[in-house]
Amino acid sequence: MKLLNVSGSPHVHSDESTKKIMWRVNLALVPSLIVAIAFFGLNALLISIVSVGSCILFQWLIEKFLLKTESTISDGSAVVTGLLLAFNVPATREMILLVIIAALVAIGIGKMSFGGLGKNPFNPALVGRVFMLISFPVQMTTWPKPGQNLFSMVSQPTTDLTTGPTPLGMFKENGVQAVGDIWGYFVGHIGGSLGEVSALAILIGAIYLLCRRVISWHIPVSFIGTAFIFSGILWLCDKTAFMDPLTTILTGGIMLGACFMATDMVTSPMTKSGQLIFGFGCGLLTIIIRNWGNYPEGVSFAILLMNAVTPLINRWCKPKRFAN
Amino acid sequence: MKTFAMGGVHPEENKISTAAVIEEFPLPKTAVILMNQHLGAPATPCVAKGDKVKVGQLIGKAEAFMCANVHSPFSGTVAKVETCKDAFGLTKPAIYITVEGDEWEESIDRTPDIKRECSLEPKEIVDKLKEMGVVGLGGATFPTHIKYSIAPDKKAEYLIINAVECEPYLTSDHRVMMEHAEEICIGVSILRKALGVPNAYIGIENNKPEPIAVMKAMAAKFEGIIVEPLKVKYPQGAEKQLINAITGRRVPSGKLPIDVGCVVSNVGTAYAVYEAIQKNKPLIENILTVTGKKLQAQHNYHVRFGTTYNDIIAHAMGTLPETTGKVISGGPMMGKAVSNLDGPTTKGASSVLVIDESEATRATESNCIRCGKCMNACPMGLEPYLFSSLVKNRRIEEAGAHNILDCIECGCCFFSCPANKPLLDEIRLGKNLYRGILMAKKK
């Protein structure tokens, strides 16, 4: 006689899986990738391919030879890390090779050393980016201007390129008069890292993720909202020393960070109230670092710092109990 | 449209047997009657080997407080009084009966006439329910006479009839409402009288428009019966969630529905109450849905307790389909997987659900990605992911401090987990260990 399966209830499962969630995130990153390639040309494409490829390769190698466990590369999380990493570096020729180091740090130290997906306390892509920012400050802050000839960018070393500073860099150097037009920032005609130039493309991806319930609105709204309000207060206090709030949220990594990096489920709080606190902390720290720190941009540091307090937030912010 | 306050999921409904009219299930040749088919202590056998029994004769007497009488569903000879492995592999006291003919006790009214008047006083109703061995048919098999004996310091304000049937696949409540609406309403009126409450509310999920229409039309002819359509959401049929959906009240942690003035009974129980009080028929049979995606025909049967699962399978489908992975007694969310098909059905059984291999195997577990889906799905507002890791590390008292005992084991957490973690398995283990700790502390 045939044997029957026996197990505890429930006997059915929703069709939700980690794999589906991760591939949805990848899909949501596609609009930003297309914009990056359109604005920065072949470099952007090559950086993305090398970054994703090396993330997958390093994860596979570590799982096969160091951890000796079953490979998990098909879950798509290495692709997410690879794409986000590529989105966080300038589209220069040097980066095509340097991003391999970033991938090793992100996957090796940021993720696998803690036990792989789900166990990492910090967002792996940000670990990789911050490592690069500290180790290669020059290369990481040399920004090509978007919209140049595709081929000239590949064939010439960076020193020959017309490089343009980012709005945040200009602001750090020259103050308020350096700020350009807001519509340009929104669609993406600005210098900056690969994935952060077009707020529009990021928002399209974020709306997709919201609709598929991969992320909830709490972190992006409280992150961007806090940054907007806090920088607005500063701007109203002194319009010559501080950047206006709309430019603040459209430039640099706030949009990319708030929609794709701070919302990483592994490293952000689980309750809605916790997520609001997390977003608030990210927004506040970003503006503080931008205005009073050494770096022109503070999104990466802000998110990493908030990642560190996430276990504490999870401890404080409990869900509302039914029977209470 | 009303529903409960938080959490919940919406599994695929798969109500494929709604059109199958209730059929009488043929009598088996032999039957095994368990002595504990209810929550509480087993009944004491009051027949011996070789005794002749009739349908409806008392064969197991309730002697403990938390217990219910057991009556013979068959006529014939007692083959032995011994123990038996039930459908889930547990050994239980049982009476084996060799079925001969179908001779009923004379006191039972077997005519199809509907008896509408009931002159019994509340106390008499409760006593008669006790005599007839009526228990809750929603799954928990709580003895009905105990539920309706309200302690003097408590007061019932609402009678709620659970016709939600939120479990996928199950259609027995659907069918009984379609075919026995008047009997149900009489049963509800009797229960209302027993409690002395002004109104009874029948909660039905909105995916059953036909039963809602039938019950509304019938309830209009009765005093104080209100049909309440509810938004489709699992686990609405859970007692605490149903009370919340209908009255807005919440049963506090560790308390009973009566503490918020509510008494909840299943619609099947209301039908059994009608038969017990008006027709003198003890609880000897139940309506079972026999269903599965791969089955040729879907059925709803009147099955007498003691019929084995093998008997039901043989009659309903011959043999199990080639690709069967699991047989479940109850719904796919809270039902129990049958391990012994020779085991008998009991008062608590509501279905024989045949699940295909493709759905019967759990997917490989991976790391928790802290997505919070389990927490958002939990209708009790708990943190299943946290229990899982606390229980794994045997930090049971911490799990207790996070109210692990509030868990109603609805399975929403495991159902929605993208990492396929067996959250409910771990929570069940944690609850048992924590109860053990509490008991040891009491001593």
# chains A, B, ... in the order shown; residues from 1 in each chain; ligands from 1
$ interface_residues --of "chain A" --to "chain B" --cutoff "10 Å" --atoms "only C-alpha atoms" --output "PyMOL selection string"
chain A and resi 2-21+72+115-120+213-215+264-272+318-324
$ write_last_selection --atoms "N, CA and C atoms" --output "CSV table (one decimal), in the first residue's frame"
chain,number,residue,atom,x,y,z
A,2,LYS,N,0.3,2.2,-0.7
A,2,LYS,CA,1.1,3.5,-0.8
A,2,LYS,C,1.0,4.2,0.6
A,3,LEU,N,2.2,4.8,0.9
A,3,LEU,CA,2.2,5.5,2.2
A,3,LEU,C,1.7,7.0,2.0
A,4,LEU,N,1.0,7.5,3.0
A,4,LEU,CA,0.5,8.8,3.0
A,4,LEU,C,1.4,9.8,3.8
A,5,ASN,N,1.5,11.0,3.3
A,5,ASN,CA,2.2,12.0,4.1
A,5,ASN,C,1.4,12.4,5.3
A,6,VAL,N,2.1,12.6,6.4
A,6,VAL,CA,1.5,13.1,7.6
A,6,VAL,C,2.3,14.3,8.1
A,7,SER,N,1.6,15.4,8.4
A,7,SER,CA,2.3,16.6,9.0
A,7,SER,C,1.3,17.4,9.7
A,8,GLY,N,1.8,18.4,10.5
A,8,GLY,CA,0.9,19.3,11.2
A,8,GLY,C,0.3,20.2,10.2
A,9,SER,N,-0.9,20.8,10.6
A,9,SER,CA,-1.5,21.8,9.7
A,9,SER,C,-0.7,23.1,9.7
A,10,PRO,N,-0.9,24.0,8.8
A,10,PRO,CA,-1.8,23.9,7.6
A,10,PRO,C,-1.2,23.0,6.5
A,11,HIS,N,-2.1,22.5,5.7
A,11,HIS,CA,-1.6,21.6,4.7
A,11,HIS,C,-1.5,22.2,3.3
A,12,VAL,N,-1.8,23.5,3.3
A,12,VAL,CA,-1.7,24.3,2.0
A,12,VAL,C,-0.8,25.5,2.3
A,13,HIS,N,-0.2,26.0,1.2
A,13,HIS,CA,0.7,27.2,1.4
A,13,HIS,C,0.4,28.2,0.3
A,14,SER,N,0.5,29.5,0.7
A,14,SER,CA,0.4,30.5,-0.3
A,14,SER,C,1.5,30.3,-1.3
A,15,ASP,N,1.4,30.9,-2.5
A,15,ASP,CA,2.4,30.7,-3.5
A,15,ASP,C,3.6,31.7,-3.3
A,16,GLU,N,3.6,32.3,-2.1
A,16,GLU,CA,4.7,33.3,-1.9
A,16,GLU,C,6.0,32.6,-1.6
A,17,SER,N,7.1,33.2,-2.1
A,17,SER,CA,8.4,32.6,-1.8
A,17,SER,C,9.5,33.7,-1.8
A,18,THR,N,10.6,33.4,-1.1
A,18,THR,CA,11.7,34.4,-1.1
A,18,THR,C,12.2,34.7,-2.5
A,19,LYS,N,12.2,33.7,-3.3
A,19,LYS,CA,12.7,33.8,-4.7
A,19,LYS,C,11.8,34.8,-5.4
A,20,LYS,N,10.5,34.7,-5.3
A,20,LYS,CA,9.6,35.6,-6.0
A,20,LYS,C,9.8,37.0,-5.5
A,21,ILE,N,9.9,37.2,-4.2
A,21,ILE,CA,10.1,38.5,-3.7
A,21,ILE,C,11.4,39.2,-4.3
A,72,THR,N,22.5,28.9,-3.2
A,72,THR,CA,21.2,29.7,-3.1
A,72,THR,C,21.2,30.8,-4.1
A,115,GLY,N,26.0,34.4,7.5
A,115,GLY,CA,25.2,33.2,7.3
A,115,GLY,C,24.3,33.3,6.1
A,116,GLY,N,24.5,34.3,5.3
A,116,GLY,CA,23.7,34.4,4.1
A,116,GLY,C,22.5,35.2,4.2
A,117,LEU,N,21.7,35.2,3.2
A,117,LEU,CA,20.4,36.0,3.1
A,117,LEU,C,19.6,35.8,4.4
A,118,GLY,N,19.2,36.9,5.0
A,118,GLY,CA,18.3,36.8,6.1
A,118,GLY,C,19.0,37.0,7.4
A,119,LYS,N,20.4,36.7,7.4
A,119,LYS,CA,21.1,36.8,8.7
A,119,LYS,C,21.9,38.0,8.8
A,120,ASN,N,22.1,38.8,7.7
A,120,ASN,CA,22.9,39.9,7.7
A,120,ASN,C,22.3,41.1,8.4
A,213,ARG,N,3.1,44.4,-2.9
A,213,ARG,CA,3.2,44.3,-1.5
A,213,ARG,C,4.6,43.7,-1.0
A,214,VAL,N,5.6,44.0,-1.8
A,214,VAL,CA,6.9,43.6,-1.4
A,214,VAL,C,7.4,44.6,-0.4
A,215,ILE,N,7.1,45.9,-0.6
A,215,ILE,CA,7.5,46.9,0.5
A,215,ILE,C,6.2,47.6,0.9
A,264,ASP,N,14.9,47.3,2.5
A,264,ASP,CA,15.3,45.9,2.5
A,264,ASP,C,14.8,45.2,3.7
A,265,MET,N,13.9,44.2,3.5
A,265,MET,CA,13.2,43.6,4.7
A,265,MET,C,14.1,43.0,5.7
A,266,VAL,N,15.3,42.5,5.3
A,266,VAL,CA,16.1,41.8,6.2
A,266,VAL,C,16.7,42.7,7.3
A,267,THR,N,17.0,44.0,6.8
A,267,THR,CA,17.7,44.9,7.7
A,267,THR,C,16.9,46.0,8.2
A,268,SER,N,15.5,46.0,8.0
A,268,SER,CA,14.7,47.0,8.5
A,268,SER,C,13.7,46.4,9.5
A,269,PRO,N,13.1,47.3,10.3
A,269,PRO,CA,12.1,46.8,11.4
A,269,PRO,C,10.9,46.1,10.7
A,270,MET,N,10.2,45.3,11.6
A,270,MET,CA,9.1,44.5,11.0
A,270,MET,C,7.8,45.1,11.2
A,271,THR,N,7.6,45.9,12.3
A,271,THR,CA,6.3,46.5,12.5
A,271,THR,C,6.2,47.8,11.8
A,272,LYS,N,5.0,48.2,11.5
A,272,LYS,CA,4.7,49.5,10.9
A,272,LYS,C,5.3,50.6,11.7
A,318,LYS,N,6.3,46.5,19.2
A,318,LYS,CA,5.6,45.2,19.1
A,318,LYS,C,4.3,45.4,18.3
A,319,PRO,N,3.9,44.4,17.6
A,319,PRO,CA,2.5,44.5,17.0
A,319,PRO,C,1.5,44.7,18.1
A,320,LYS,N,0.3,45.3,17.7
A,320,LYS,CA,-0.8,45.4,18.6
A,320,LYS,C,-1.4,44.0,18.8
A,321,ARG,N,-1.6,43.6,20.0
A,321,ARG,CA,-2.1,42.2,20.2
A,321,ARG,C,-3.7,42.3,20.1
A,322,PHE,N,-4.2,41.2,19.6
A,322,PHE,CA,-5.7,41.1,19.5
A,322,PHE,C,-6.3,41.1,20.9
A,323,ALA,N,-5.8,40.2,21.8
A,323,ALA,CA,-6.4,39.9,23.1
A,323,ALA,C,-5.7,40.8,24.1
A,324,ASN,N,-5.9,42.1,24.0
A,324,ASN,CA,-5.3,43.0,25.0
A,324,ASN,C,-6.2,44.0,25.4
$ select_by_dssp --residues "segment 45-147 of chain A" --states "helix (DSSP H, G or I)" --output "NGL selection string"
:A and (45-66 or 73-75 or 77-87 or 93-114 or 124-135 or 137-140)
$ select_by_dssp --residues "segment 157-333 of chain B" --states "strand (DSSP E)" --output "PyMOL selection string"
chain B and resi 158-162+200-205+225-230+262-266+285-291+299-304+324-329
$ write_last_selection --atoms "C-alpha atoms" --output "PDB file, in the first residue's frame"
ATOM      1  CA  TYR B 158     -25.135  37.221  22.456  1.00  0.00           C
ATOM      2  CA  LEU B 159     -25.716  33.816  20.914  1.00  0.00           C
ATOM      3  CA  ILE B 160     -23.562  33.473  17.818  1.00  0.00           C
ATOM      4  CA  ILE B 161     -24.051  30.679  15.334  1.00  0.00           C
ATOM      5  CA  ASN B 162     -20.934  29.876  13.355  1.00  0.00           C
ATOM      6  CA  ALA B 200     -29.011  35.043  17.921  1.00  0.00           C
ATOM      7  CA  TYR B 201     -26.645  36.016  15.108  1.00  0.00           C
ATOM      8  CA  ILE B 202     -25.815  33.586  12.319  1.00  0.00           C
ATOM      9  CA  GLY B 203     -22.472  34.556  10.753  1.00  0.00           C
ATOM     10  CA  ILE B 204     -22.056  33.417   7.128  1.00  0.00           C
ATOM     11  CA  GLU B 205     -19.202  34.393   4.825  1.00  0.00           C
ATOM     12  CA  ILE B 225     -32.578  35.358  14.567  1.00  0.00           C
ATOM     13  CA  ILE B 226     -30.356  37.668  12.550  1.00  0.00           C
ATOM     14  CA  VAL B 227     -28.290  36.500   9.577  1.00  0.00           C
ATOM     15  CA  GLU B 228     -25.012  38.413   9.388  1.00  0.00           C
ATOM     16  CA  PRO B 229     -23.078  38.167   6.067  1.00  0.00           C
ATOM     17  CA  LEU B 230     -19.334  38.563   6.646  1.00  0.00           C
ATOM     18  CA  CYS B 262     -20.900  35.542  24.076  1.00  0.00           C
ATOM     19  CA  VAL B 263     -21.702  31.908  23.401  1.00  0.00           C
ATOM     20  CA  VAL B 264     -20.718  30.491  20.020  1.00  0.00           C
ATOM     21  CA  SER B 265     -22.035  27.266  18.479  1.00  0.00           C
ATOM     22  CA  ASN B 266     -21.582  25.774  15.050  1.00  0.00           C
ATOM     23  CA  GLU B 285     -24.036  11.031  12.880  1.00  0.00           C
ATOM     24  CA  ASN B 286     -22.578  14.062  11.173  1.00  0.00           C
ATOM     25  CA  ILE B 287     -22.342  15.526   7.694  1.00  0.00           C
ATOM     26  CA  LEU B 288     -18.991  14.826   6.068  1.00  0.00           C
ATOM     27  CA  THR B 289     -17.651  16.420   2.914  1.00  0.00           C
ATOM     28  CA  VAL B 290     -15.672  13.963   0.806  1.00  0.00           C
ATOM     29  CA  THR B 291     -13.701  16.071  -1.623  1.00  0.00           C
ATOM     30  CA  HIS B 299     -19.875  14.140  -2.027  1.00  0.00           C
ATOM     31  CA  ASN B 300     -21.563  15.289   1.148  1.00  0.00           C
ATOM     32  CA  TYR B 301     -22.635  12.341   3.284  1.00  0.00           C
ATOM     33  CA  HIS B 302     -24.615  11.698   6.442  1.00  0.00           C
ATOM     34  CA  VAL B 303     -22.065   9.402   8.086  1.00  0.00           C
ATOM     35  CA  ARG B 304     -22.582   7.605  11.374  1.00  0.00           C
ATOM     36  CA  THR B 324      -2.759  10.969  -3.449  1.00  0.00           C
ATOM     37  CA  GLY B 325      -0.312  12.575  -1.046  1.00  0.00           C
ATOM     38  CA  LYS B 326      -2.394  13.157   2.051  1.00  0.00           C
ATOM     39  CA  VAL B 327      -5.797  12.404   3.505  1.00  0.00           C
ATOM     40  CA  ILE B 328      -7.014  15.103   5.849  1.00  0.00           C
ATOM     41  CA  SER B 329      -9.797  15.025   8.384  1.00  0.00           C
TER      42      SER B 329
END
$ atom_distance --atom1 "atom CA of Lys68 of chain A" --atom2 "atom CA of Lys111 of chain A"
15.8 Å
$ residues_around --residues "segment 103-119 of chain B" --least-positions-apart "6" --cutoff "6 Å" --atoms "only C-alpha atoms" --output "list in words"
Lys54, Val55, Gly56, Ser75, Lys279, Asn280 and Lys281 of chain B
$ residues_around --residues "Met66 of chain B" --least-positions-apart "3" --cutoff "9 Å" --atoms "only C-alpha atoms" --output "list in words"
His38, Leu39, Gly40, Ala41, Pro42, Ala62, Glu63, Phe142, Pro143 and Ile146 of chain B
$ write_last_selection --atoms "N, CA and C atoms" --output "PDB file, in the first residue's frame"
ATOM      1  N   HIS B  38     -14.910  13.547  22.188  1.00  0.00           N
ATOM      2  CA  HIS B  38     -15.185  14.919  22.620  1.00  0.00           C
ATOM      3  C   HIS B  38     -14.002  15.423  23.412  1.00  0.00           C
ATOM      4  N   LEU B  39     -14.008  16.719  23.680  1.00  0.00           N
ATOM      5  CA  LEU B  39     -12.977  17.320  24.522  1.00  0.00           C
ATOM      6  C   LEU B  39     -13.228  16.865  25.960  1.00  0.00           C
ATOM      7  N   GLY B  40     -12.194  16.356  26.627  1.00  0.00           N
ATOM      8  CA  GLY B  40     -12.356  15.966  28.026  1.00  0.00           C
ATOM      9  C   GLY B  40     -12.088  14.492  28.251  1.00  0.00           C
ATOM     10  N   ALA B  41     -12.609  13.968  29.360  1.00  0.00           N
ATOM     11  CA  ALA B  41     -12.352  12.579  29.749  1.00  0.00           C
ATOM     12  C   ALA B  41     -13.173  11.627  28.885  1.00  0.00           C
ATOM     13  N   PRO B  42     -12.674  10.390  28.673  1.00  0.00           N
ATOM     14  CA  PRO B  42     -13.461   9.433  27.900  1.00  0.00           C
ATOM     15  C   PRO B  42     -14.703   8.976  28.671  1.00  0.00           C
ATOM     16  N   ALA B  62     -21.164   9.305  30.468  1.00  0.00           N
ATOM     17  CA  ALA B  62     -20.307  10.409  30.913  1.00  0.00           C
ATOM     18  C   ALA B  62     -20.279  10.419  32.429  1.00  0.00           C
ATOM     19  N   GLU B  63     -19.139  10.149  33.011  1.00  0.00           N
ATOM     20  CA  GLU B  63     -19.051  10.151  34.476  1.00  0.00           C
ATOM     21  C   GLU B  63     -18.258  11.342  34.988  1.00  0.00           C
ATOM     22  N   PHE B 142     -16.436  20.473  21.993  1.00  0.00           N
ATOM     23  CA  PHE B 142     -16.683  20.868  23.381  1.00  0.00           C
ATOM     24  C   PHE B 142     -18.099  20.432  23.761  1.00  0.00           C
ATOM     25  N   PRO B 143     -18.281  19.708  24.897  1.00  0.00           N
ATOM     26  CA  PRO B 143     -19.625  19.252  25.259  1.00  0.00           C
ATOM     27  C   PRO B 143     -20.616  20.418  25.362  1.00  0.00           C
ATOM     28  N   ILE B 146     -22.188  21.709  28.747  1.00  0.00           N
ATOM     29  CA  ILE B 146     -21.320  22.498  29.636  1.00  0.00           C
ATOM     30  C   ILE B 146     -21.285  23.945  29.161  1.00  0.00           C
TER      31      ILE B 146
END
$ residues_around --residues "His145 of chain B" --least-positions-apart "3" --cutoff "7 Å" --atoms "only C-alpha atoms" --output "ChimeraX atom specification"
/B:126-127,129-130,148-149
$ write_last_selection --atoms "C-alpha atoms" --output "PDB file, in the first residue's frame"
ATOM      1  CA  VAL B 126     -29.405  21.629  28.910  1.00  0.00           C
ATOM      2  CA  ASP B 127     -30.097  18.325  30.703  1.00  0.00           C
ATOM      3  CA  LEU B 129     -28.475  17.955  25.525  1.00  0.00           C
ATOM      4  CA  LYS B 130     -26.291  16.214  28.101  1.00  0.00           C
ATOM      5  CA  TYR B 148     -24.827  26.273  27.911  1.00  0.00           C
ATOM      6  CA  SER B 149     -24.605  25.883  31.706  1.00  0.00           C
TER       7      SER B 149
END
$ residues_around --residues "segment 187-194 of chain B" --least-positions-apart "5" --cutoff "9 Å" --atoms "only C-alpha atoms" --output "MDAnalysis selection string"
chainID B and resid 118 120:126 148:149 158:159 161 182 199:200 222:225 267 269:275 277:278
$ write_last_selection --atoms "N, CA and C atoms" --output "PDB file, in the first residue's frame"
ATOM      1  N   CYS B 118     -41.419  23.782  21.255  1.00  0.00           N
ATOM      2  CA  CYS B 118     -40.570  23.230  22.316  1.00  0.00           C
ATOM      3  C   CYS B 118     -41.010  23.845  23.638  1.00  0.00           C
ATOM      4  N   LEU B 120     -39.848  22.875  26.665  1.00  0.00           N
ATOM      5  CA  LEU B 120     -38.894  22.634  27.748  1.00  0.00           C
ATOM      6  C   LEU B 120     -38.380  23.940  28.344  1.00  0.00           C
ATOM      7  N   GLU B 121     -38.102  23.888  29.630  1.00  0.00           N
ATOM      8  CA  GLU B 121     -37.473  25.015  30.332  1.00  0.00           C
ATOM      9  C   GLU B 121     -35.963  24.997  30.024  1.00  0.00           C
ATOM     10  N   PRO B 122     -35.280  26.137  30.172  1.00  0.00           N
ATOM     11  CA  PRO B 122     -33.827  26.175  29.879  1.00  0.00           C
ATOM     12  C   PRO B 122     -33.049  25.044  30.550  1.00  0.00           C
ATOM     13  N   LYS B 123     -33.312  24.816  31.826  1.00  0.00           N
ATOM     14  CA  LYS B 123     -32.575  23.774  32.556  1.00  0.00           C
ATOM     15  C   LYS B 123     -32.830  22.390  31.923  1.00  0.00           C
ATOM     16  N   GLU B 124     -34.068  22.159  31.543  1.00  0.00           N
ATOM     17  CA  GLU B 124     -34.426  20.869  30.930  1.00  0.00           C
ATOM     18  C   GLU B 124     -33.743  20.693  29.578  1.00  0.00           C
ATOM     19  N   ILE B 125     -33.624  21.810  28.843  1.00  0.00           N
ATOM     20  CA  ILE B 125     -32.952  21.747  27.534  1.00  0.00           C
ATOM     21  C   ILE B 125     -31.511  21.302  27.727  1.00  0.00           C
ATOM     22  N   VAL B 126     -30.815  21.949  28.671  1.00  0.00           N
ATOM     23  CA  VAL B 126     -29.405  21.629  28.910  1.00  0.00           C
ATOM     24  C   VAL B 126     -29.272  20.173  29.349  1.00  0.00           C
ATOM     25  N   TYR B 148     -23.568  25.566  27.673  1.00  0.00           N
ATOM     26  CA  TYR B 148     -24.827  26.273  27.911  1.00  0.00           C
ATOM     27  C   TYR B 148     -25.238  26.296  29.388  1.00  0.00           C
ATOM     28  N   SER B 149     -24.375  25.722  30.266  1.00  0.00           N
ATOM     29  CA  SER B 149     -24.605  25.883  31.706  1.00  0.00           C
ATOM     30  C   SER B 149     -23.801  27.095  32.144  1.00  0.00           C
ATOM     31  N   TYR B 158     -25.041  37.548  23.881  1.00  0.00           N
ATOM     32  CA  TYR B 158     -25.135  37.221  22.456  1.00  0.00           C
ATOM     33  C   TYR B 158     -25.070  35.708  22.268  1.00  0.00           C
ATOM     34  N   LEU B 159     -25.914  35.178  21.400  1.00  0.00           N
ATOM     35  CA  LEU B 159     -25.716  33.816  20.914  1.00  0.00           C
ATOM     36  C   LEU B 159     -25.254  33.957  19.467  1.00  0.00           C
ATOM     37  N   ILE B 161     -24.078  31.965  16.020  1.00  0.00           N
ATOM     38  CA  ILE B 161     -24.051  30.679  15.334  1.00  0.00           C
ATOM     39  C   ILE B 161     -23.009  30.761  14.222  1.00  0.00           C
ATOM     40  N   GLU B 182     -34.915  25.242   8.162  1.00  0.00           N
ATOM     41  CA  GLU B 182     -35.933  25.397   9.203  1.00  0.00           C
ATOM     42  C   GLU B 182     -35.519  24.699  10.496  1.00  0.00           C
ATOM     43  N   ASN B 199     -31.269  37.938  21.133  1.00  0.00           N
ATOM     44  CA  ASN B 199     -30.976  37.725  19.714  1.00  0.00           C
ATOM     45  C   ASN B 199     -29.900  36.674  19.486  1.00  0.00           C
ATOM     46  N   ALA B 200     -30.055  35.957  18.371  1.00  0.00           N
ATOM     47  CA  ALA B 200     -29.011  35.043  17.921  1.00  0.00           C
ATOM     48  C   ALA B 200     -28.526  35.542  16.566  1.00  0.00           C
ATOM     49  N   PHE B 222     -38.759  33.591  12.108  1.00  0.00           N
ATOM     50  CA  PHE B 222     -38.492  33.329  13.528  1.00  0.00           C
ATOM     51  C   PHE B 222     -38.206  34.635  14.243  1.00  0.00           C
ATOM     52  N   GLU B 223     -38.379  34.588  15.559  1.00  0.00           N
ATOM     53  CA  GLU B 223     -38.122  35.775  16.352  1.00  0.00           C
ATOM     54  C   GLU B 223     -36.659  35.774  16.796  1.00  0.00           C
ATOM     55  N   GLY B 224     -36.010  36.916  16.657  1.00  0.00           N
ATOM     56  CA  GLY B 224     -34.669  37.068  17.243  1.00  0.00           C
ATOM     57  C   GLY B 224     -33.564  36.289  16.571  1.00  0.00           C
ATOM     58  N   ILE B 225     -33.697  35.987  15.276  1.00  0.00           N
ATOM     59  CA  ILE B 225     -32.578  35.358  14.567  1.00  0.00           C
ATOM     60  C   ILE B 225     -32.129  36.308  13.464  1.00  0.00           C
ATOM     61  N   VAL B 267     -23.194  25.841  13.247  1.00  0.00           N
ATOM     62  CA  VAL B 267     -24.514  25.656  12.633  1.00  0.00           C
ATOM     63  C   VAL B 267     -24.883  24.171  12.612  1.00  0.00           C
ATOM     64  N   THR B 269     -24.059  22.105  14.921  1.00  0.00           N
ATOM     65  CA  THR B 269     -24.498  21.831  16.287  1.00  0.00           C
ATOM     66  C   THR B 269     -25.967  22.223  16.454  1.00  0.00           C
ATOM     67  N   ALA B 270     -26.343  23.372  15.879  1.00  0.00           N
ATOM     68  CA  ALA B 270     -27.733  23.822  15.989  1.00  0.00           C
ATOM     69  C   ALA B 270     -28.677  22.768  15.394  1.00  0.00           C
ATOM     70  N   TYR B 271     -28.267  22.161  14.290  1.00  0.00           N
ATOM     71  CA  TYR B 271     -29.065  21.101  13.667  1.00  0.00           C
ATOM     72  C   TYR B 271     -29.127  19.884  14.590  1.00  0.00           C
ATOM     73  N   ALA B 272     -27.973  19.535  15.194  1.00  0.00           N
ATOM     74  CA  ALA B 272     -27.932  18.399  16.120  1.00  0.00           C
ATOM     75  C   ALA B 272     -28.802  18.674  17.344  1.00  0.00           C
ATOM     76  N   VAL B 273     -28.841  19.934  17.779  1.00  0.00           N
ATOM     77  CA  VAL B 273     -29.674  20.306  18.928  1.00  0.00           C
ATOM     78  C   VAL B 273     -31.146  20.105  18.580  1.00  0.00           C
ATOM     79  N   TYR B 274     -31.521  20.518  17.375  1.00  0.00           N
ATOM     80  CA  TYR B 274     -32.904  20.302  16.938  1.00  0.00           C
ATOM     81  C   TYR B 274     -33.254  18.823  17.010  1.00  0.00           C
ATOM     82  N   GLU B 275     -32.401  17.979  16.457  1.00  0.00           N
ATOM     83  CA  GLU B 275     -32.687  16.543  16.423  1.00  0.00           C
ATOM     84  C   GLU B 275     -32.722  15.948  17.830  1.00  0.00           C
ATOM     85  N   ILE B 277     -33.344  17.560  20.784  1.00  0.00           N
ATOM     86  CA  ILE B 277     -34.432  18.056  21.634  1.00  0.00           C
ATOM     87  C   ILE B 277     -35.803  17.682  21.061  1.00  0.00           C
ATOM     88  N   GLN B 278     -35.984  17.878  19.754  1.00  0.00           N
ATOM     89  CA  GLN B 278     -37.311  17.718  19.161  1.00  0.00           C
ATOM     90  C   GLN B 278     -37.582  16.290  18.698  1.00  0.00           C
TER      91      GLN B 278
END
$ closest_residue --among "A:Thr81, A:Ser32, A:Gln59, A:Ser300" --to "Leu285 of chain A" --atoms "only C-alpha atoms"
A:Ser300
$ atom_distance --atom1 "atom CA of Ala68 of chain B" --atom2 "atom CA of Met132 of chain B"
8.5 Å
$ atom_distance --atom1 "atom CA of Lys64 of chain A" --atom2 "atom CA of Val127 of chain A"
22.7 Å
$ decode --residues "segment 277-288 of chain A" --atoms "C-alpha atoms" --output "PDB file, in the first residue's frame"
ATOM      1  CA  ILE A 277      10.885  55.270  13.344  1.00  0.00           C
ATOM      2  CA  PHE A 278      13.472  53.678  11.063  1.00  0.00           C
ATOM      3  CA  GLY A 279      12.568  55.996   8.175  1.00  0.00           C
ATOM      4  CA  PHE A 280      12.597  59.001  10.477  1.00  0.00           C
ATOM      5  CA  GLY A 281      16.084  58.122  11.721  1.00  0.00           C
ATOM      6  CA  CYS A 282      17.357  57.642   8.165  1.00  0.00           C
ATOM      7  CA  GLY A 283      15.970  60.998   7.034  1.00  0.00           C
ATOM      8  CA  LEU A 284      17.309  62.897  10.022  1.00  0.00           C
ATOM      9  CA  LEU A 285      20.790  61.354   9.865  1.00  0.00           C
ATOM     10  CA  THR A 286      21.008  61.963   6.114  1.00  0.00           C
ATOM     11  CA  ILE A 287      20.396  65.692   6.475  1.00  0.00           C
ATOM     12  CA  ILE A 288      22.746  65.959   9.453  1.00  0.00           C
TER      13      ILE A 288
END
